[in-house]
Structures are given as C-alpha cells and as structure tokens.
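A.B. asks: Supplied structure: start-v4.tsv, TSV, N, CA and C atoms.
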chain	number	residue	atom	x	y	z
A	13	MET	N	85.81	108.88	116.25
A	13	MET	CA	86.55	108.31	115.15
A	13	MET	C	86.52	109.31	113.99
A	14	ASP	N	87.67	109.84	113.58
A	14	ASP	CA	87.77	110.77	112.47
A	14	ASP	C	87.79	110.02	111.15
A	15	THR	N	87.08	110.58	110.18
A	15	THR	CA	87.01	109.99	108.85
A	15	THR	C	87.73	110.90	107.87
A	16	VAL	N	88.51	110.30	106.97
A	16	VAL	CA	89.22	111.04	105.93
A	16	VAL	C	88.76	110.52	104.59
A	17	ARG	N	88.48	111.44	103.66
A	17	ARG	CA	88.04	111.06	102.32
A	17	ARG	C	89.15	111.38	101.34
A	18	LEU	N	89.45	110.42	100.44
A	18	LEU	CA	90.45	110.64	99.42
A	18	LEU	C	90.05	109.95	98.14
A	19	ASP	N	90.64	110.40	97.04
A	19	ASP	CA	90.35	109.83	95.72
A	19	ASP	C	91.29	108.69	95.42
A	20	ILE	N	90.79	107.71	94.68
A	20	ILE	CA	91.57	106.55	94.24
A	20	ILE	C	91.72	106.66	92.72
A	21	HIS	N	92.90	106.37	92.21
A	21	HIS	CA	93.14	106.43	90.77
A	21	HIS	C	92.42	105.27	90.07
A	22	VAL	N	91.59	105.61	89.09
A	22	VAL	CA	90.87	104.64	88.27
A	22	VAL	C	90.91	105.12	86.82
A	23	PRO	N	90.56	104.25	85.85
A	23	PRO	CA	90.60	104.65	84.44
A	23	PRO	C	89.69	105.85	84.14
A	24	GLU	N	90.00	106.50	83.03
A	24	GLU	CA	89.24	107.67	82.58
A	24	GLU	C	87.76	107.33	82.48
A	25	GLY	N	86.92	108.26	82.89
A	25	GLY	CA	85.47	108.05	82.87
A	25	GLY	C	84.94	107.55	84.20
A	26	TRP	N	85.84	107.06	85.05
A	26	TRP	CA	85.48	106.54	86.36
A	26	TRP	C	85.97	107.49	87.45
A	27	VAL	N	85.29	107.50	88.56
A	27	VAL	CA	85.70	108.24	89.75
A	27	VAL	C	85.54	107.30	90.94
A	28	CYS	N	86.53	107.30	91.81
A	28	CYS	CA	86.45	106.48	93.01
A	28	CYS	C	86.95	107.28	94.19
A	29	TRP	N	86.19	107.30	95.25
A	29	TRP	CA	86.63	107.92	96.50
A	29	TRP	C	86.48	106.90	97.61
A	30	ILE	N	87.26	107.11	98.64
A	30	ILE	CA	87.21	106.23	99.80
A	30	ILE	C	87.17	107.10	101.05
A	31	GLU	N	86.37	106.67	102.01
A	31	GLU	CA	86.34	107.30	103.32
A	31	GLU	C	86.88	106.27	104.31
A	32	LEU	N	87.98	106.60	104.96
A	32	LEU	CA	88.60	105.70	105.91
A	32	LEU	C	88.58	106.31	107.30
A	33	ALA	N	88.46	105.45	108.28
A	33	ALA	CA	88.49	105.89	109.68
A	33	ALA	C	89.32	104.90	110.48
A	34	ARG	N	89.95	105.39	111.50
A	34	ARG	CA	90.68	104.52	112.43
A	34	ARG	C	89.69	104.04	113.48
A	35	THR	N	89.64	102.75	113.68
A	35	THR	CA	88.72	102.16	114.64
A	35	THR	C	89.29	102.28	116.05
A	36	PRO	N	88.47	102.08	117.06
A	36	PRO	CA	88.98	102.11	118.44
A	36	PRO	C	90.07	101.07	118.71
A	37	HIS	N	90.13	100.03	117.86
A	37	HIS	CA	91.14	98.98	118.03
A	37	HIS	C	92.43	99.29	117.29
A	38	GLY	N	92.50	100.45	116.63
A	38	GLY	CA	93.71	100.85	115.92
A	38	GLY	C	93.82	100.37	114.49
A	39	THR	N	92.77	99.75	113.97
A	39	THR	CA	92.77	99.32	112.57
A	39	THR	C	92.07	100.40	111.74
A	40	TYR	N	92.05	100.20	110.43
A	40	TYR	CA	91.41	101.15	109.52
A	40	TYR	C	90.34	100.44	108.72
A	41	ALA	N	89.20	101.09	108.57
A	41	ALA	CA	88.08	100.53	107.82
A	41	ALA	C	87.33	101.68	107.16
A	42	GLY	N	86.50	101.35	106.17
A	42	GLY	CA	85.75	102.42	105.53
A	42	GLY	C	84.89	101.95	104.38
A	43	LEU	N	84.48	102.94	103.60
A	43	LEU	CA	83.63	102.72	102.43
A	43	LEU	C	84.27	103.39	101.23
A	44	ALA	N	84.05	102.80	100.06
A	44	ALA	CA	84.48	103.41	98.81
A	44	ALA	C	83.29	103.40	97.86
A	45	GLU	N	83.27	104.37	96.96
A	45	GLU	CA	82.22	104.41	95.95
A	45	GLU	C	82.85	104.61	94.58
A	46	LEU	N	82.39	103.81	93.62
A	46	LEU	CA	82.83	103.92	92.23
A	46	LEU	C	81.69	104.50	91.40
A	47	SER	N	82.01	105.50	90.61
A	47	SER	CA	81.03	106.10	89.70
A	47	SER	C	81.58	106.04	88.28
A	48	HIS	N	80.68	105.81	87.34
A	48	HIS	CA	81.05	105.81	85.92
A	48	HIS	C	80.24	106.87	85.22
A	49	GLN	N	80.92	107.85	84.66
A	49	GLN	CA	80.29	108.97	83.96
A	49	GLN	C	79.21	109.62	84.82
A	50	GLY	N	79.52	109.81	86.09
A	50	GLY	CA	78.64	110.52	87.01
A	50	GLY	C	77.55	109.69	87.67
A	51	VAL	N	77.48	108.40	87.35
A	51	VAL	CA	76.46	107.53	87.94
A	51	VAL	C	77.13	106.54	88.88
A	52	ALA	N	76.68	106.52	90.13
A	52	ALA	CA	77.25	105.57	91.09
A	52	ALA	C	76.98	104.15	90.63
A	53	ARG	N	78.03	103.33	90.58
A	53	ARG	CA	77.92	101.96	90.09
A	53	ARG	C	78.21	100.91	91.16
A	54	CYS	N	78.97	101.27	92.19
A	54	CYS	CA	79.37	100.26	93.16
A	54	CYS	C	79.78	100.92	94.47
A	55	ALA	N	79.39	100.31	95.57
A	55	ALA	CA	79.87	100.71	96.89
A	55	ALA	C	80.69	99.55	97.43
A	56	LEU	N	81.86	99.84	97.91
A	56	LEU	CA	82.76	98.82	98.44
A	56	LEU	C	82.93	99.02	99.94
A	57	VAL	N	82.84	97.96	100.68
A	57	VAL	CA	83.12	98.01	102.12
A	57	VAL	C	84.56	97.57	102.31
A	58	ILE	N	85.33	98.41	102.94
A	58	ILE	CA	86.72	98.08	103.22
A	58	ILE	C	86.78	97.61	104.67
A	59	THR	N	86.96	96.31	104.84
A	59	THR	CA	86.99	95.73	106.18
A	59	THR	C	88.27	96.15	106.90
A	60	GLN	N	88.32	95.88	108.17
A	60	GLN	CA	89.44	96.32	108.99
A	60	GLN	C	90.77	95.85	108.44
A	61	GLN	N	91.66	96.82	108.28
A	61	GLN	CA	93.03	96.56	107.81
A	61	GLN	C	93.99	97.05	108.88
A	62	LEU	N	95.15	96.44	108.95
A	62	LEU	CA	96.10	96.77	110.01
A	62	LEU	C	96.74	98.14	109.87
A	63	SER	N	96.81	98.66	108.63
A	63	SER	CA	97.43	99.98	108.44
A	63	SER	C	96.62	100.80	107.44
A	64	TRP	N	96.87	102.10	107.45
A	64	TRP	CA	96.26	103.03	106.50
A	64	TRP	C	96.60	102.59	105.08
A	65	GLU	N	97.88	102.29	104.85
A	65	GLU	CA	98.35	101.91	103.52
A	65	GLU	C	97.65	100.64	103.03
A	66	SER	N	97.49	99.67	103.90
A	66	SER	CA	96.83	98.44	103.47
A	66	SER	C	95.35	98.66	103.18
A	67	ALA	N	94.71	99.58	103.89
A	67	ALA	CA	93.30	99.90	103.62
A	67	ALA	C	93.16	100.58	102.26
A	68	VAL	N	94.07	101.50	101.95
A	68	VAL	CA	94.03	102.18	100.64
A	68	VAL	C	94.35	101.17	99.54
A	69	GLU	N	95.31	100.30	99.77
A	69	GLU	CA	95.65	99.27	98.78
A	69	GLU	C	94.46	98.34	98.54
A	70	ARG	N	93.79	97.93	99.59
A	70	ARG	CA	92.61	97.06	99.47
A	70	ARG	C	91.55	97.74	98.61
A	71	ALA	N	91.27	99.01	98.88
A	71	ALA	CA	90.27	99.75	98.10
A	71	ALA	C	90.69	99.87	96.65
A	72	THR	N	91.96	100.14	96.41
A	72	THR	CA	92.47	100.28	95.04
A	72	THR	C	92.34	98.98	94.27
A	73	VAL	N	92.71	97.87	94.89
A	73	VAL	CA	92.62	96.56	94.23
A	73	VAL	C	91.17	96.21	93.93
A	74	ARG	N	90.28	96.43	94.90
A	74	ARG	CA	88.87	96.09	94.69
A	74	ARG	C	88.24	96.98	93.63
A	75	ALA	N	88.58	98.27	93.62
A	75	ALA	CA	88.05	99.18	92.59
A	75	ALA	C	88.55	98.77	91.21
A	76	ASP	N	89.83	98.45	91.11
A	76	ASP	CA	90.40	98.01	89.83
A	76	ASP	C	89.70	96.74	89.34
A	77	HIS	N	89.47	95.81	90.23
A	77	HIS	CA	88.79	94.56	89.86
A	77	HIS	C	87.37	94.85	89.34
A	78	PHE	N	86.64	95.71	90.04
A	78	PHE	CA	85.28	96.04	89.60
A	78	PHE	C	85.30	96.67	88.21
A	79	VAL	N	86.20	97.64	87.98
A	79	VAL	CA	86.27	98.31	86.68
A	79	VAL	C	86.62	97.32	85.58
A	80	ARG	N	87.58	96.42	85.83
A	80	ARG	CA	87.95	95.42	84.83
A	80	ARG	C	86.78	94.51	84.49
A	81	GLN	N	85.97	94.15	85.48
A	81	GLN	CA	84.81	93.30	85.23
A	81	GLN	C	83.72	94.05	84.47
A	82	TRP	N	83.60	95.32	84.70
A	82	TRP	CA	82.56	96.15	84.08
A	82	TRP	C	82.90	96.47	82.63
A	83	MET	N	84.16	96.77	82.35
A	83	MET	CA	84.57	97.31	81.06
A	83	MET	C	84.31	96.39	79.87
A	84	PRO	N	84.50	95.08	79.94
A	84	PRO	CA	84.23	94.26	78.74
A	84	PRO	C	82.79	94.39	78.25
A	85	GLN	N	81.86	94.66	79.13
A	85	GLN	CA	80.46	94.83	78.74
A	85	GLN	C	80.26	96.12	77.96
A	86	ARG	N	81.19	97.02	78.03
A	86	ARG	CA	81.06	98.33	77.40
A	86	ARG	C	81.95	98.48	76.18
A	87	GLY	N	82.52	97.37	75.71
A	87	GLY	CA	83.46	97.44	74.59
A	87	GLY	C	82.78	97.75	73.27
A	88	PRO	N	83.59	97.99	72.22
A	88	PRO	CA	83.05	98.27	70.89
A	88	PRO	C	82.15	97.13	70.41
A	89	GLY	N	81.05	97.47	69.81
A	89	GLY	CA	80.12	96.47	69.30
A	89	GLY	C	79.18	95.91	70.33
A	90	SER	N	79.31	96.35	71.56
A	90	SER	CA	78.43	95.86	72.62
A	90	SER	C	77.05	96.47	72.44
A	91	ASP	N	76.02	95.63	72.55
A	91	ASP	CA	74.66	96.14	72.44
A	91	ASP	C	74.02	96.27	73.82
A	92	VAL	N	74.84	96.24	74.85
A	92	VAL	CA	74.33	96.37	76.22
A	92	VAL	C	74.04	97.84	76.48
A	93	SER	N	72.81	98.15	76.82
A	93	SER	CA	72.44	99.55	77.03
A	93	SER	C	72.56	99.98	78.47
A	94	GLY	N	72.74	99.06	79.37
A	94	GLY	CA	72.87	99.39	80.78
A	94	GLY	C	73.44	98.22	81.53
A	95	PRO	N	73.64	98.39	82.81
A	95	PRO	CA	74.22	97.30	83.59
A	95	PRO	C	73.25	96.12	83.70
A	96	THR	N	73.81	94.93	83.75
A	96	THR	CA	73.01	93.75	83.98
A	96	THR	C	72.91	93.56	85.47
A	97	ILE	N	71.70	93.62	86.00
A	97	ILE	CA	71.48	93.50	87.42
A	97	ILE	C	70.70	92.23	87.68
A	98	PRO	N	71.29	91.33	88.49
A	98	PRO	CA	70.56	90.09	88.78
A	98	PRO	C	69.15	90.38	89.31
A	99	GLY	N	68.18	89.68	88.78
A	99	GLY	CA	66.80	89.86	89.21
A	99	GLY	C	66.02	90.82	88.34
A	100	ASP	N	66.72	91.63	87.51
A	100	ASP	CA	66.02	92.52	86.60
A	100	ASP	C	65.54	91.73	85.39
A	101	ALA	N	64.36	92.03	84.95
A	101	ALA	CA	63.85	91.36	83.76
A	101	ALA	C	63.28	92.37	82.80
Show me, as structure tokens, the structure contained in the file I just sent.

C.D. replies:
Amino acid sequence: MDTVRLDIHVPEGWVCWIELARTPHGTYAGLAELSHQGVARCALVITQQLSWESAVERATVRADHFVRQWMPQRGPGSDVSGPTIPGDA
C-alpha cells in the first residue's frame, strides 16, 4: 500500500498534512496532523473513503473544525496560557 503525503490549507500559524493510502479494498484512508506554531496539537484519523477526493475533503473539513474550536480560546484578552486538556489539573 503506497502512502502519499500532502499539505492541507489551514489558517496562518497552523500547518496540516495528511498521509493517505489506498487500501486493498480500493478505498482511501490515512492520518492527518495539525500543528500550531510548530507544536503538534491534533492527530486526525481519516477513515475509509470511497475516493481520494472525499478523503482529502474529509481531512480538510475535520482540520477546519478543529482550528475553529481552538481559535476562540486564543482570542484577544484571553488569559489561557495553554491548551485545556481534560484530566489536567
């Protein structure tokens, strides 16, 4: 199974790449990673999609959703110094 790595467009300050592979069943699946200012923030599992295009679209939508959820915490006047991680005290 050959794997291809490509970049996904995300807002400035963020980097997202995805590694996709064609499965033996002819679908596409892979992993994506989102980084903010050089620090890995999220790994996304891209489940089997029927086409290459749908796998890339799935990764793009999920990355966009993660960034939108993350960004309000980083807005002006925010006193949050780091990510809120469940279980951290």

A.B. asks: Place a sphere of radius 9 Å on (83.0, 94.2, 104.9) in the file coordinates and name every protein, DNA or RNA residue with an atom inside or on its surface, counting only C-alpha atoms; give the answer as number ranges by chain.

C.D. replies: A: 41-43, 56-60

A.B. asks: So, counting only C-alpha atoms, which residue among A:Val79, A:Thr72, A:Glu24, A:Leu62 is closest to Ala44 (chain A)?

C.D. replies: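 Smallest separation from Ala44 (chain A) among the options: A:Thr72.
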
A.B. asks: Which residues, written as an NGL selection string, have at least one atom at most 9 Å from Ala75 (chain A), with only C-alpha atoms counted and residues fewer than 2 positions away on the same chain left out?

C.D. replies: :A and (20 or 22 or 28 or 44-46 or 54 or 56 or 70-73 or 77-80)

A.B. asks: Which of these, A:Leu32, A:Val68, A:Met83, A:Val27, has the shortest distance to Asp14 (chain A) once you count only N, CA and C atoms?

C.D. replies: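 The answer is A:Leu32, which sits nearest to Asp14 (chain A).
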
A.B. asks: State, in Å with one decimal place, the distance from CA of Pro36 (chain A) to CA of Gln61 (chain A).

C.D. replies: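 Between these atoms lies a distance of 12.7 Å.
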
A.B. asks: Of the candidates A:Ser47, A:Gln81, A:Arg74, A:Ala55, which shows the shortest atom-to-atom distance to Glu31 (chain A), using only C-alpha atoms?

C.D. replies: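 Once distances to Glu31 (chain A) are computed over only C-alpha atoms, the minimum belongs to A:Ala55.
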